[in-house]
file model-v2.cif (mmCIF, C-alpha atoms)
data_coords
loop_
_atom_site.label_atom_id
_atom_site.label_comp_id
_atom_site.auth_asym_id
_atom_site.auth_seq_id
_atom_site.Cartn_x
_atom_site.Cartn_y
_atom_site.Cartn_z
CA PHE A 1 0.00 0.00 0.00
CA PRO A 2 1.18 3.56 -0.60
CA ALA A 3 3.08 4.91 2.36
CA ASN A 4 1.44 8.33 2.07
CA TYR A 5 -1.96 6.78 2.48
CA VAL A 6 -1.16 5.61 6.06
CA LYS A 7 0.38 6.91 9.28
CA LYS A 8 2.47 5.10 11.72
CA VAL A 9 0.98 4.36 15.14
CA GLU A 10 2.55 3.04 18.24
CA ALA A 11 1.65 -0.44 19.34
CA GLY A 12 -0.57 -0.26 22.42
CA ALA A 13 -2.11 -2.67 24.78
CA GLU A 14 -4.91 -4.90 23.73
CA GLY A 15 -8.23 -3.22 23.69
CA ASP A 16 -6.65 0.23 23.30
CA PRO A 17 -9.37 2.43 21.77
CA GLY A 18 -6.81 4.67 20.16
CA ALA A 19 -5.34 1.81 18.14
CA GLU A 20 -8.72 0.73 16.83
CA ASP A 21 -9.56 4.27 15.77
CA SER A 22 -6.29 4.53 13.96
CA ALA A 23 -6.93 1.27 12.07
CA ALA A 24 -10.43 2.37 11.07
CA ALA A 25 -9.14 5.71 9.87
CA ALA A 26 -6.47 3.98 7.80
CA ALA A 27 -9.06 1.70 6.21
CA ALA A 28 -11.33 4.66 5.44
CA ALA A 29 -8.42 6.56 3.94
CA LEU A 30 -7.57 3.54 1.79
CA LEU A 31 -11.13 3.26 0.52
CA GLU A 32 -11.21 6.98 -0.23
CA ALA A 33 -7.94 6.73 -2.08
CA GLU A 34 -9.30 3.84 -4.16
CA ARG A 35 -12.48 5.79 -4.91
CA VAL A 36 -10.53 8.84 -5.96
CA ALA A 37 -8.23 6.75 -8.15
CA LYS A 38 -11.19 4.99 -9.76
CA GLU A 39 -12.99 8.26 -10.33
CA LYS A 40 -9.87 9.76 -11.86
CA ALA A 41 -9.44 6.75 -14.11
CA GLU A 42 -13.08 7.00 -15.21
CA GLN A 43 -12.66 10.70 -15.91
CA GLU A 44 -9.52 10.04 -17.93
CA GLU A 45 -11.30 7.28 -19.88
CA ALA A 46 -14.28 9.55 -20.54
CA ALA A 47 -11.92 12.32 -21.64
CA ARG A 48 -10.09 9.90 -23.93
CA LYS A 49 -13.32 8.69 -25.50
CA ALA A 50 -14.55 12.26 -25.88
CA GLU A 51 -11.29 13.19 -27.61
CA GLU A 52 -11.56 10.16 -29.91
CA ALA A 53 -15.15 11.12 -30.75
CA ARG A 54 -14.08 14.71 -31.40
CA LEU A 55 -11.25 13.61 -33.66
CA ALA A 56 -13.57 11.20 -35.51
CA GLU A 57 -16.13 13.96 -35.96
CA GLU A 58 -13.46 16.32 -37.27
CA ALA A 59 -12.21 13.64 -39.69
CA GLU A 60 -15.77 13.04 -40.90
CA ALA A 61 -16.35 16.76 -41.32
CA LYS A 62 -13.08 17.05 -43.21
CA ARG A 63 -14.06 14.13 -45.46
CA ARG A 64 -17.46 15.69 -46.19
CA GLU A 65 -15.79 19.03 -46.94
CA GLU A 66 -13.36 17.37 -49.35
CA GLU A 67 -16.25 15.60 -51.07
CA ARG A 68 -18.14 18.89 -51.31
CA LEU A 69 -15.11 20.66 -52.81
CA ALA A 70 -14.56 17.77 -55.25
CA GLU A 71 -18.22 17.96 -56.32
CA GLU A 72 -17.91 21.72 -56.80
CA ARG A 73 -14.78 21.24 -58.90
CA ARG A 74 -16.54 18.60 -61.00
CA LYS A 75 -19.53 20.88 -61.56
CA ALA A 76 -17.21 23.77 -62.39
CA GLU A 77 -15.38 21.62 -64.95
CA GLU A 78 -18.66 20.45 -66.47
CA GLU A 79 -19.86 24.05 -66.64
CA ALA A 80 -16.62 25.09 -68.32
CA VAL A 81 -17.02 22.32 -70.89
CA ARG A 82 -20.65 23.32 -71.47
CA LEU A 83 -19.75 26.99 -71.89
CA LYS A 84 -16.94 26.08 -74.30
CA ALA A 85 -19.29 23.91 -76.37
CA GLU A 86 -21.90 26.67 -76.33
CA LYS A 87 -19.31 29.20 -77.46
CA GLU A 88 -18.16 26.90 -80.28
CA ARG A 89 -21.77 26.30 -81.32
CA LYS A 90 -22.50 30.02 -81.44
CA ALA A 91 -19.29 30.62 -83.39
CA ALA A 92 -20.31 27.90 -85.88
CA GLU A 93 -23.78 29.44 -86.20
CA GLU A 94 -22.27 32.88 -86.80
CA ARG A 95 -19.93 31.40 -89.39
CA LEU A 96 -22.83 29.66 -91.14
CA LYS A 97 -24.84 32.89 -91.08
CA ALA A 98 -21.91 34.78 -92.58
CA GLU A 99 -21.46 32.12 -95.26
CA GLU A 100 -25.19 32.18 -96.02
CA ALA A 101 -25.16 35.97 -96.21
CA ALA A 102 -22.16 35.85 -98.54
CA ARG A 103 -23.89 33.20 -100.68
CA LEU A 104 -27.09 35.25 -100.89
CA LYS A 105 -25.09 38.35 -101.75
CA ALA A 106 -23.21 36.43 -104.45
CA GLU A 107 -26.51 35.15 -105.85
CA GLU A 108 -27.96 38.65 -105.86
CA GLU A 109 -24.87 39.97 -107.60
CA LYS A 110 -25.04 37.10 -110.10
CA LYS A 111 -28.72 37.77 -110.79
CA ALA A 112 -28.01 41.47 -111.17
CA ALA A 113 -25.17 40.69 -113.57
CA GLU A 114 -27.37 38.28 -115.53
CA ALA A 115 -30.13 40.86 -115.67
CA ALA A 116 -27.68 43.49 -116.89
CA ALA A 117 -26.27 41.04 -119.43
CA ALA A 118 -29.79 40.15 -120.60
CA ALA A 119 -30.65 43.82 -120.93
CA GLN A 120 -27.45 44.43 -122.86
CA ALA A 121 -28.13 41.40 -125.03
CA ALA A 122 -31.65 42.61 -125.74
CA GLN A 123 -30.35 46.04 -126.62
CA THR A 124 -27.69 44.50 -128.86
CA ALA A 125 -30.26 42.25 -130.50
CA ALA A 126 -32.56 45.19 -131.10
CA SER A 127 -29.70 47.16 -132.59
CA ALA A 128 -28.71 44.22 -134.77
CA ALA A 129 -32.31 43.73 -135.85
CA ALA A 130 -32.59 47.37 -136.79
CA ALA A 131 -29.32 47.20 -138.72
CA ALA A 132 -30.36 44.03 -140.53
CA GLU A 133 -33.73 45.30 -141.71
CA PRO A 134 -33.97 45.43 -145.52
CA GLU A 135 -33.27 48.85 -146.86
CA ALA A 136 -35.48 48.41 -149.85
CA ALA A 137 -38.76 50.20 -149.24
CA GLY A 138 -41.96 48.27 -149.57
CA GLU A 139 -40.28 44.85 -149.97
CA GLU A 140 -38.68 42.55 -147.42
CA GLU A 141 -35.28 41.25 -148.49
CA THR A 142 -35.03 37.49 -148.63
CA MET A 143 -31.88 36.23 -146.90
CA GLU A 144 -30.00 33.39 -148.46
CA PRO A 145 -28.57 30.63 -146.26
CA ILE A 146 -24.82 30.96 -145.82
CA GLY A 147 -24.22 27.80 -143.83
CA LYS A 148 -25.31 25.76 -140.86
CA VAL A 149 -24.27 25.88 -137.20
CA GLN A 150 -24.99 23.61 -134.26
CA ALA A 151 -25.99 24.80 -130.78
CA LEU A 152 -23.53 23.92 -128.02
CA TYR A 153 -25.72 25.01 -125.09
CA ASP A 154 -29.31 25.78 -124.25
CA CYS A 155 -30.30 29.42 -124.74
CA GLU A 156 -33.71 30.75 -123.73
CA GLY A 157 -35.27 32.74 -126.52
CA ASN A 158 -37.63 35.70 -126.58
CA GLU A 159 -40.01 35.96 -129.50
CA ALA A 160 -40.87 39.57 -128.68
CA GLU A 161 -37.19 40.51 -128.89
CA GLY A 162 -36.58 38.34 -131.95
CA ARG A 163 -34.32 35.80 -130.20
CA LEU A 164 -34.41 32.10 -131.05
CA ASP A 165 -34.94 29.45 -128.37
CA LEU A 166 -32.01 27.03 -128.66
CA LYS A 167 -31.42 23.58 -127.27
CA ALA A 168 -28.00 21.94 -127.28
CA GLY A 169 -27.65 19.98 -130.52
CA ASP A 170 -30.09 22.08 -132.60
CA ILE A 171 -29.04 22.68 -136.22
CA ILE A 172 -29.59 26.32 -137.22
CA THR A 173 -29.53 27.61 -140.76
CA LEU A 174 -27.25 30.65 -140.70
CA LEU A 175 -28.62 33.66 -142.59
CA ASN A 176 -26.48 36.56 -141.33
CA ASP A 177 -23.14 36.58 -139.48
CA ALA A 178 -22.27 40.26 -139.82
CA ASP A 179 -22.58 41.06 -136.12
CA GLU A 180 -19.67 40.17 -133.85
CA ALA A 181 -21.86 38.90 -131.02
CA TRP A 182 -25.30 37.97 -132.42
CA TRP A 183 -25.96 35.99 -135.58
CA TYR A 184 -29.24 35.64 -137.42
CA GLY A 185 -30.64 32.31 -138.51
CA GLU A 186 -33.62 30.02 -138.91
CA LEU A 187 -34.73 27.11 -136.73
CA ASP A 188 -37.94 25.11 -137.06
CA GLY A 189 -39.40 27.65 -139.48
CA LYS A 190 -38.68 30.61 -137.15
CA GLN A 191 -36.07 33.28 -137.77
CA GLY A 192 -34.29 35.22 -135.08
CA TYR A 193 -31.03 36.11 -133.36
CA PHE A 194 -28.82 33.86 -131.26
CA PRO A 195 -25.46 34.40 -129.52
CA LYS A 196 -22.48 33.58 -131.68
CA ASN A 197 -20.52 31.97 -128.81
CA TYR A 198 -23.35 29.45 -128.22
CA VAL A 199 -22.83 27.66 -131.56
CA GLU A 200 -20.14 26.05 -133.66
CA GLU A 201 -19.88 25.27 -137.33
CA TYR A 202 -21.95 22.24 -138.22
CA GLN A 203 -20.03 19.44 -139.92
CA GLU A 204 -22.33 17.19 -141.91
CA LYS A 205 -21.37 13.55 -141.74
CA ASN A 206 -20.79 11.91 -145.12
CA PHE A 207 -22.27 8.43 -144.97
CA ASP A 208 -21.77 7.83 -148.72
CA GLN A 209 -17.99 7.47 -148.51
CA PRO A 210 -17.05 3.77 -148.22
CA PRO A 211 -14.88 2.69 -145.28
CA HIS A 212 -11.14 2.49 -145.86
CA LEU A 213 -9.93 -0.99 -146.81
CA ASP A 214 -6.32 -2.08 -146.56
CA THR A 215 -4.83 -3.10 -149.92
CA ASN A 216 -2.29 -5.84 -150.39
CA ASP A 217 0.45 -3.26 -150.90
CA GLU A 218 -0.42 -1.57 -147.62
CA LYS A 219 -0.39 -4.91 -145.80
CA GLN A 220 3.03 -5.74 -147.31
CA ASP A 221 4.38 -2.35 -146.22
CA ASP A 222 3.18 -2.98 -142.66
CA LEU A 223 4.81 -6.41 -142.66
CA ASN A 224 8.12 -5.00 -143.92
CA ARG A 225 8.04 -2.27 -141.28
CA LEU A 226 7.46 -4.83 -138.49
CA GLN A 227 10.36 -6.99 -139.75
CA GLU A 228 12.69 -4.00 -139.76
CA GLU A 229 11.73 -3.12 -136.21
CA GLU A 230 12.38 -6.71 -135.06
CA GLN A 231 15.84 -6.67 -136.68
CA LYS A 232 16.71 -3.43 -134.88
#
call {"tool": "encode", "arguments": {"input": "model-v2.cif", "output": "structure tokens"}}
result
Amino acid sequence: FPANYVKKVEAGAEGDPGAEDSAAAAAAALLEAERVAKEKAEQEEAARKAEEARLAEEAEAKRREEERLAEERRKAEEEAVRLKAEKERKAAEERLKAEEAARLKAEEEKKAAEAAAAAQAAQTAASAAAAAEPEAAGEEETMEPIGKVQALYDCEGNEAEGRLDLKAGDIITLLNDADEAWWYGELDGKQGYFPKNYVEEYQEKNFDQPPHLDTNDEKQDDLNRLQEEEQK
């Protein structure tokens, strides 16, 4: 037993009341010391458990905070990807709009150019028609055919303006080729103007000429030529 938990007493005679009191006090002090020690141990154990619980709670809170931050980072990354895709989509739409606007502008310019060319062609045709009118008063000059041409492309005509309607492959009887841009001819019983650069000279195929036949002399010449080449 701990020495500081007891006190030394002198041995007395049997039945000494002072000795019995001293023994009882020592026993009470021992019990008190044990109680205090047990209580202290229980307090230390409770404190230890409380500290463990606090540390566990802090670790759990830290884990939840890390998970929350990770989720926020993931959402931020997804949002960044979405914004980037949205930006690229808008850029593509703007590019398509610009291309469509350019295409429409080009079509408008093309139509305007075609309209101007058609107007110029009509004016040229009218001028050519006026220049080609017969000078003889009261009688219309009869034009003699000067050849035939074949249409290379389709060309929409205009009867009011005196232009023939051509289809690729049509054979036109040429009546006047004085103008540098518009010629005058006849197609399917109708006379009118057509653009010079839409036709070419028509070459009639001669089906009466017999096919070329090799003669014996020609065959002998070919044989001699082959023999000379083999000798070389």
call {"tool": "atom_distance", "arguments": {"input": "model-v2.cif", "atom1": "atom CA of A:Gly147", "atom2": "atom CA of A:Pro195"}}
result
15.8 Å
call {"tool": "residues_around", "arguments": {"input": "model-v2.cif", "residues": "A:Leu31", "least_positions_apart": "5", "cutoff": "12 Å", "atoms": "all atoms listed in the file", "output": "list in words"}}
result
Phe1, Tyr5, Val6, Ala24, Ala25, Ala26, Val36, Ala37 and Lys38 of chain A
call {"tool": "residues_around", "arguments": {"input": "model-v2.cif", "residues": "A:Pro2", "least_positions_apart": "6", "cutoff": "12 Å", "atoms": "only C-alpha atoms", "output": "JSON, numbers by chain"}}
result
{"A": [26, 29, 30, 33, 34]}
call {"tool": "atom_distance", "arguments": {"input": "model-v2.cif", "atom1": "atom CA of A:Gly162", "atom2": "atom CA of A:Ala113"}}
result
21.8 Å
call {"tool": "closest_residue", "arguments": {"input": "model-v2.cif", "among": "A:Ala181, A:Leu96, A:Ala41, A:Ala53", "to": "A:Gln120", "atoms": "all atoms listed in the file"}}
result
A:Ala181
call {"tool": "axis_aligned_box", "arguments": {"input": "model-v2.cif", "around": "stretch 154-164 of chain A", "padding_each_side": "8 Å", "output": "AutoDock Vina command-line options"}}
result
--center_x -35.1 --center_y 33.1 --center_z -127.8 --size_x 27.6 --size_y 30.7 --size_z 24.2
call {"tool": "residues_near_point", "arguments": {"input": "model-v2.cif", "point": "(-28.8, 29.1, -143.0)", "cutoff": "7 Å", "atoms": "only C-alpha atoms", "output": "list in words"}}
result
Pro145, Ile146, Gly147, Lys148, Ile172, Thr173, Leu174, Leu175, Gly185 and Glu186 of chain A
